[in-house]
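Quick notes on the structure that follows.
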Amino acid sequence: MHTNIQTKYHFSKKILVSFSGQPAMLLPVLLAMWLFAVPSACKSNNKTEPSAKEAAEIVAIQPVQEPPLAKIPVTKNITLDGFFSFIDGIVRQNDTISSYKLSENLLLRANPWILDTLVNTDYYYQMSLGNFVFRQPKLIVLKPSDTILIPGPATAAMLLEKMAKTSLDLNIPAFEMRILEGDSVLFTFPVRVGKNQKKHLELAGGTVDLRTRTGVGEIIRVNRNPLFLDPVTGKRFRFTKRDDHQTTYMPLIPWLEPSINGMRYGQMIHPTTNPRTLGRAASNGCIGVGEADGWRVYYFAPLGTKVVIRYAVQTINPSGDTLYFDDIYRLRKKGKTAVVALAGAGFLQQTATNICRCDTMF
């Protein structure tokens with residue numbers, strides 16, 4: 001900064017010296033510069049006032065700040081294993097004061113900071129902060145300083161419209177899931193998909209095709225408190241070994257079950273504690289996501305949310321570039337379409353409402 005000031009000073013001094021030495025030559029130039037600058041300055045200060053029509057249009061596009069129907073103070077620490085019952089209680093107690101149907105997902109949409117809190121329970125995010133979390137369900141996610149808002153009717157209508165436009169889109173060869181709101185992409189994140197093989201699963205009672213099925217369907221079940229069963233052995237487990245070789249309790253993150261083409265194949269959308277498997281065909285048919293993304297899927301995909309599972313080895317990105325992906329299931333080599341080869345394959349059915357037939361590597 002000191003150097004710049006000195007440079008500016010010497011430049012000004014040089015002009016003064018030159019001007020004093022050759023006034024006849026520089027005066028016309030300076031006069032022309034002054035005449036050019038004055039109109040420009042005047043023009044920049046003359047701001048055109050908007051017409052009445054333009055002013056009305058400006059006002060019309062401004063969002064209306066609607067006060068909430070109610071503000072619910074959090075009076076004690078709420079841990080993750082008590083989060084759902086706490087939210088359910090708020091919904092029950094406040095559903096009658098509104099002209100719309102209050103639900104858990106609508107309440108979460110009206111309080112987006114809650115998603116940030118849940119996302120931050122991700123084991124690997126906490127480790128990046130230097131925090132080892134052995135028992136994630138005991139993390140505090142709501143504190144007495146927090147306030148939960150019950151949305152007003154206009155806000156609720158806007159949020160419900162957004163929810164109706166939300167869908168999940170998965171492209172198997174790209175190992176990628178997107179959360180869409182109409183044509184807008186809200187989130188894009190990596191996933192793992194089913195292996196290209198057949199395997200004997202005790203819970204299925206035989207050998208099944210592990211490839212993730214394609215088709216169009218919707219979320220038909222949300223399991224907020226799953227029991228974890230190894231599909232190979234049928235045994236329940238409560239602990240998981242992480243990518244960093246640490247052992248922890250299984251995280252409490254909801255699992256979602258989509259129907260595909262009207263069928264229940266048991267291929268759940270669930271978080272994995274081993275993110276190194278993301279971007280690979282490494283599951284027993286389920287769609288694995290990171291822990292943080294598991295909360296995003298739960299938050300944005302309630303019951304009835306549309307689900308599209310595609311097998312596209314060639315796509316065009318928003319920039320217009322053509323992207324090519326490996327034909328991981330070798331469908332082109334076999335001369336079959338993805339829908340015929342995958343949607344027609346058999347898979348185990350879900351029977352119990354709280355049991356998740358987990359991948360061997362969770």
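Ordering of the structure tokens sets the chain letters (A, B, ...), residue numbers begin anew at 1 in every chain, and ligands are numbered from 1 in the order given.
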Those in stretch 178-359 of chain A with strand (DSSP E or B) from DSSP, as a PyMOL selection string: chain A and resi 178-181+184-190+192-194+198-201+206-209+215-223+227-229+236+239-241+247-249+255-260+263+269-271+281-283+287-289+306-310+314-316+322-324+355-357
Near-A:Arg109 list (12 Å; only C-alpha atoms; drop same-chain fewer than 4 positions) as a ChimeraX atom specification: /A:102-105,113-116,148-151,155-163,296,298-302
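The shortest atom-to-atom distance to A:Phe239, with only C-alpha atoms taken into account, belongs to A:Arg135 out of A:Arg192, A:Arg135, A:Lys306, A:Arg213.
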DSSP helix (DSSP H, G or I) selection over stretch 140-260 of chain A, as a list in words: Pro153, Ala154, Thr155, Ala156, Ala157, Met158, Leu159, Leu160, Glu161, Lys162, Met163, Ala164, Glu202, Leu203 and Ala204 of chain A
Write out, as a PDB file, in the first residue's frame, the residues just selected, with N, CA and C atoms.
ATOM      1  N   PRO A 153     -50.510 -20.487   6.750  1.00  0.00           N
ATOM      2  CA  PRO A 153     -51.154 -21.192   5.630  1.00  0.00           C
ATOM      3  C   PRO A 153     -50.527 -20.900   4.278  1.00  0.00           C
ATOM      4  N   ALA A 154     -50.123 -19.658   4.031  1.00  0.00           N
ATOM      5  CA  ALA A 154     -49.510 -19.330   2.733  1.00  0.00           C
ATOM      6  C   ALA A 154     -48.149 -20.004   2.600  1.00  0.00           C
ATOM      7  N   THR A 155     -47.370 -19.975   3.674  1.00  0.00           N
ATOM      8  CA  THR A 155     -46.065 -20.629   3.659  1.00  0.00           C
ATOM      9  C   THR A 155     -46.224 -22.133   3.490  1.00  0.00           C
ATOM     10  N   ALA A 156     -47.192 -22.708   4.195  1.00  0.00           N
ATOM     11  CA  ALA A 156     -47.438 -24.145   4.083  1.00  0.00           C
ATOM     12  C   ALA A 156     -47.841 -24.526   2.660  1.00  0.00           C
ATOM     13  N   ALA A 157     -48.692 -23.711   2.035  1.00  0.00           N
ATOM     14  CA  ALA A 157     -49.128 -24.001   0.662  1.00  0.00           C
ATOM     15  C   ALA A 157     -47.944 -23.976  -0.293  1.00  0.00           C
ATOM     16  N   MET A 158     -47.051 -23.008  -0.102  1.00  0.00           N
ATOM     17  CA  MET A 158     -45.862 -22.915  -0.946  1.00  0.00           C
ATOM     18  C   MET A 158     -44.955 -24.128  -0.752  1.00  0.00           C
ATOM     19  N   LEU A 159     -44.763 -24.537   0.500  1.00  0.00           N
ATOM     20  CA  LEU A 159     -43.905 -25.686   0.778  1.00  0.00           C
ATOM     21  C   LEU A 159     -44.514 -26.986   0.267  1.00  0.00           C
ATOM     22  N   LEU A 160     -45.828 -27.127   0.405  1.00  0.00           N
ATOM     23  CA  LEU A 160     -46.495 -28.326  -0.098  1.00  0.00           C
ATOM     24  C   LEU A 160     -46.400 -28.434  -1.611  1.00  0.00           C
ATOM     25  N   GLU A 161     -46.450 -27.287  -2.277  1.00  0.00           N
ATOM     26  CA  GLU A 161     -46.288 -27.283  -3.741  1.00  0.00           C
ATOM     27  C   GLU A 161     -44.883 -27.734  -4.120  1.00  0.00           C
ATOM     28  N   LYS A 162     -43.889 -27.281  -3.372  1.00  0.00           N
ATOM     29  CA  LYS A 162     -42.517 -27.709  -3.625  1.00  0.00           C
ATOM     30  C   LYS A 162     -42.366 -29.204  -3.375  1.00  0.00           C
ATOM     31  N   MET A 163     -42.973 -29.695  -2.307  1.00  0.00           N
ATOM     32  CA  MET A 163     -42.884 -31.115  -1.985  1.00  0.00           C
ATOM     33  C   MET A 163     -43.511 -31.967  -3.070  1.00  0.00           C
ATOM     34  N   ALA A 164     -44.607 -31.482  -3.652  1.00  0.00           N
ATOM     35  CA  ALA A 164     -45.290 -32.235  -4.712  1.00  0.00           C
ATOM     36  C   ALA A 164     -44.437 -32.337  -5.977  1.00  0.00           C
ATOM     37  N   GLU A 202     -29.664 -65.891   2.891  1.00  0.00           N
ATOM     38  CA  GLU A 202     -30.470 -66.697   3.812  1.00  0.00           C
ATOM     39  C   GLU A 202     -31.872 -66.121   3.963  1.00  0.00           C
ATOM     40  N   LEU A 203     -31.952 -64.790   4.063  1.00  0.00           N
ATOM     41  CA  LEU A 203     -33.250 -64.154   4.253  1.00  0.00           C
ATOM     42  C   LEU A 203     -34.138 -64.271   3.020  1.00  0.00           C
ATOM     43  N   ALA A 204     -33.521 -64.434   1.856  1.00  0.00           N
ATOM     44  CA  ALA A 204     -34.306 -64.585   0.635  1.00  0.00           C
ATOM     45  C   ALA A 204     -34.701 -66.038   0.403  1.00  0.00           C
TER      46      ALA A 204
END
Distance query stretch 87-89 of chain A at most 9 Å, only C-alpha atoms, self and fewer than 3 positions along chain excluded, as number ranges by chain: A: 82-84, 92-94, 103-104, 107-108
Shell around A:Thr273 at 12 Å using only C-alpha atoms, local window under 6 positions removed, as a PyMOL selection string: chain A and resi 122-124+136+192+239-253+288-294+358-362
Can I get the selection written as a JSON list (two decimals), in the first residue's frame, with N, CA and C atoms?
[["chain", "number", "residue", "atom", "x", "y", "z"],
["A", 122, "ASP", "N", -23.16, -36.65, 10.78],
["A", 122, "ASP", "CA", -22.35, -37.57, 9.97],
["A", 122, "ASP", "C", -21.03, -37.90, 10.69],
["A", 123, "TYR", "N", -20.76, -39.20, 10.84],
["A", 123, "TYR", "CA", -19.57, -39.64, 11.57],
["A", 123, "TYR", "C", -18.30, -39.03, 11.01],
["A", 124, "TYR", "N", -18.16, -39.05, 9.68],
["A", 124, "TYR", "CA", -16.91, -38.59, 9.07],
["A", 124, "TYR", "C", -16.79, -37.07, 9.13],
["A", 136, "GLN", "N", -23.82, -42.50, 17.87],
["A", 136, "GLN", "CA", -24.46, -41.36, 17.21],
["A", 136, "GLN", "C", -25.87, -41.07, 17.72],
["A", 192, "ARG", "N", -23.81, -46.10, -4.05],
["A", 192, "ARG", "CA", -23.36, -47.42, -4.46],
["A", 192, "ARG", "C", -24.59, -48.21, -4.86],
["A", 239, "PHE", "N", -23.34, -53.16, 15.56],
["A", 239, "PHE", "CA", -22.10, -52.39, 15.42],
["A", 239, "PHE", "C", -21.63, -52.42, 13.97],
["A", 240, "THR", "N", -20.81, -51.46, 13.61],
["A", 240, "THR", "CA", -20.28, -51.39, 12.26],
["A", 240, "THR", "C", -18.83, -50.97, 12.31],
["A", 241, "LYS", "N", -18.03, -51.49, 11.39],
["A", 241, "LYS", "CA", -16.62, -51.09, 11.28],
["A", 241, "LYS", "C", -16.51, -50.03, 10.20],
["A", 242, "ARG", "N", -15.92, -48.94, 10.55],
["A", 242, "ARG", "CA", -15.82, -47.79, 9.65],
["A", 242, "ARG", "C", -14.61, -47.91, 8.72],
["A", 243, "ASP", "N", -14.58, -47.00, 7.73],
["A", 243, "ASP", "CA", -13.45, -46.98, 6.80],
["A", 243, "ASP", "C", -12.13, -46.67, 7.49],
["A", 244, "ASP", "N", -12.21, -45.97, 8.63],
["A", 244, "ASP", "CA", -10.99, -45.65, 9.37],
["A", 244, "ASP", "C", -10.65, -46.73, 10.40],
["A", 245, "HIS", "N", -11.31, -47.90, 10.27],
["A", 245, "HIS", "CA", -11.07, -49.08, 11.11],
["A", 245, "HIS", "C", -11.59, -48.92, 12.54],
["A", 246, "GLN", "N", -12.34, -47.87, 12.80],
["A", 246, "GLN", "CA", -12.99, -47.70, 14.10],
["A", 246, "GLN", "C", -14.32, -48.45, 14.10],
["A", 247, "THR", "N", -14.71, -48.95, 15.26],
["A", 247, "THR", "CA", -15.99, -49.63, 15.41],
["A", 247, "THR", "C", -16.93, -48.73, 16.20],
["A", 248, "THR", "N", -18.15, -48.57, 15.70],
["A", 248, "THR", "CA", -19.14, -47.73, 16.37],
["A", 248, "THR", "C", -20.50, -48.42, 16.35],
["A", 249, "TYR", "N", -21.43, -47.86, 17.12],
["A", 249, "TYR", "CA", -22.82, -48.29, 17.00],
["A", 249, "TYR", "C", -23.33, -47.93, 15.61],
["A", 250, "MET", "N", -24.32, -48.68, 15.14],
["A", 250, "MET", "CA", -24.98, -48.34, 13.89],
["A", 250, "MET", "C", -25.64, -46.97, 14.02],
["A", 251, "PRO", "N", -25.54, -46.12, 13.03],
["A", 251, "PRO", "CA", -26.16, -44.80, 13.13],
["A", 251, "PRO", "C", -27.67, -44.88, 12.99],
["A", 252, "LEU", "N", -28.36, -43.97, 13.64],
["A", 252, "LEU", "CA", -29.82, -43.90, 13.53],
["A", 252, "LEU", "C", -30.18, -42.90, 12.45],
["A", 253, "ILE", "N", -30.39, -43.42, 11.25],
["A", 253, "ILE", "CA", -30.78, -42.62, 10.08],
["A", 253, "ILE", "C", -31.86, -43.40, 9.35],
["A", 288, "GLY", "N", -27.00, -47.37, -1.66],
["A", 288, "GLY", "CA", -26.30, -46.81, -0.52],
["A", 288, "GLY", "C", -25.92, -45.35, -0.75],
["A", 289, "VAL", "N", -26.08, -44.54, 0.27],
["A", 289, "VAL", "CA", -25.70, -43.12, 0.21],
["A", 289, "VAL", "C", -24.87, -42.80, 1.46],
["A", 290, "GLY", "N", -24.19, -41.67, 1.45],
["A", 290, "GLY", "CA", -23.46, -41.23, 2.63],
["A", 290, "GLY", "C", -24.42, -40.88, 3.76],
["A", 291, "GLU", "N", -23.91, -40.81, 4.98],
["A", 291, "GLU", "CA", -24.77, -40.54, 6.13],
["A", 291, "GLU", "C", -25.45, -39.18, 6.00],
["A", 292, "ALA", "N", -24.69, -38.16, 5.64],
["A", 292, "ALA", "CA", -25.29, -36.82, 5.48],
["A", 292, "ALA", "C", -26.35, -36.82, 4.40],
["A", 293, "ASP", "N", -26.06, -37.50, 3.28],
["A", 293, "ASP", "CA", -27.04, -37.56, 2.19],
["A", 293, "ASP", "C", -28.24, -38.42, 2.56],
["A", 294, "GLY", "N", -28.06, -39.37, 3.46],
["A", 294, "GLY", "CA", -29.20, -40.14, 3.95],
["A", 294, "GLY", "C", -30.22, -39.24, 4.62],
["A", 358, "CYS", "N", -29.89, -55.87, 5.46],
["A", 358, "CYS", "CA", -28.78, -54.99, 5.12],
["A", 358, "CYS", "C", -27.76, -55.64, 4.23],
["A", 359, "ASP", "N", -27.03, -54.84, 3.53],
["A", 359, "ASP", "CA", -25.86, -55.32, 2.81],
["A", 359, "ASP", "C", -24.84, -55.82, 3.82],
["A", 360, "THR", "N", -24.06, -56.83, 3.44],
["A", 360, "THR", "CA", -23.05, -57.37, 4.34],
["A", 360, "THR", "C", -22.10, -56.26, 4.80],
["A", 361, "MET", "N", -21.69, -55.44, 3.87],
["A", 361, "MET", "CA", -20.89, -54.27, 4.21],
["A", 361, "MET", "C", -21.85, -53.10, 4.28],
["A", 362, "PHE", "N", -22.15, -52.68, 5.47],
["A", 362, "PHE", "CA", -23.15, -51.64, 5.64],
["A", 362, "PHE", "C", -22.61, -50.30, 5.14]]
Å distance separating atom CA of A:Ile78 from atom CA of A:Phe134, one decimal place: 17.8 Å
Atomic separation - atom CA of A:Ile90 relative to atom CA of A:Val74, Å: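 Answer for the atom CA of A:Val74 to atom CA of A:Ile90 separation: 10.5 Å.
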Within 10 Å of A:Thr305 using only C-alpha atoms, minus same-chain residues under 6 positions, as a list in words: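 Residues meeting the cut-off are Met163, Ala164, Lys165, Thr166, Ser167, Leu168, Gly217, Glu218, Ile219, Ile220 and Pro258 of chain A.
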Nearest to A:Leu180, chosen from A:Val307, A:Leu210, A:Ala312, A:Ile328, with only C-alpha atoms counted in the distances: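 Checking each candidate against A:Leu180, we get A:Val307 as the closest.
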Selection near A:Pro254, 9 Å with only C-alpha atoms, sequence-local residues under 2 positions removed, as a list in words: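 The contact residues come out as Val222, Asn223, Arg224, Asn225, Pro226, Leu252, Leu256, His270, Pro271, Gly294, Trp295 and Tyr298 of chain A.
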From A:Val313, A:Leu323, A:Leu227, A:Leu118, residue lying nearest A:Pro173 [only C-alpha atoms]: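 Smallest separation from A:Pro173 among the options: A:Val313.
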Length of the atom CA of A:Leu201 to atom CA of A:Gly285 vector [Å]: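 Between atom CA of A:Leu201 and atom CA of A:Gly285 the gap works out to 11.6 Å.
Shortest atom-to-atom contact with A:Lys71 among A:Gly279, A:Gly205, A:Gly130, A:Gly152: A:Gly152, counting only C-alpha atoms.
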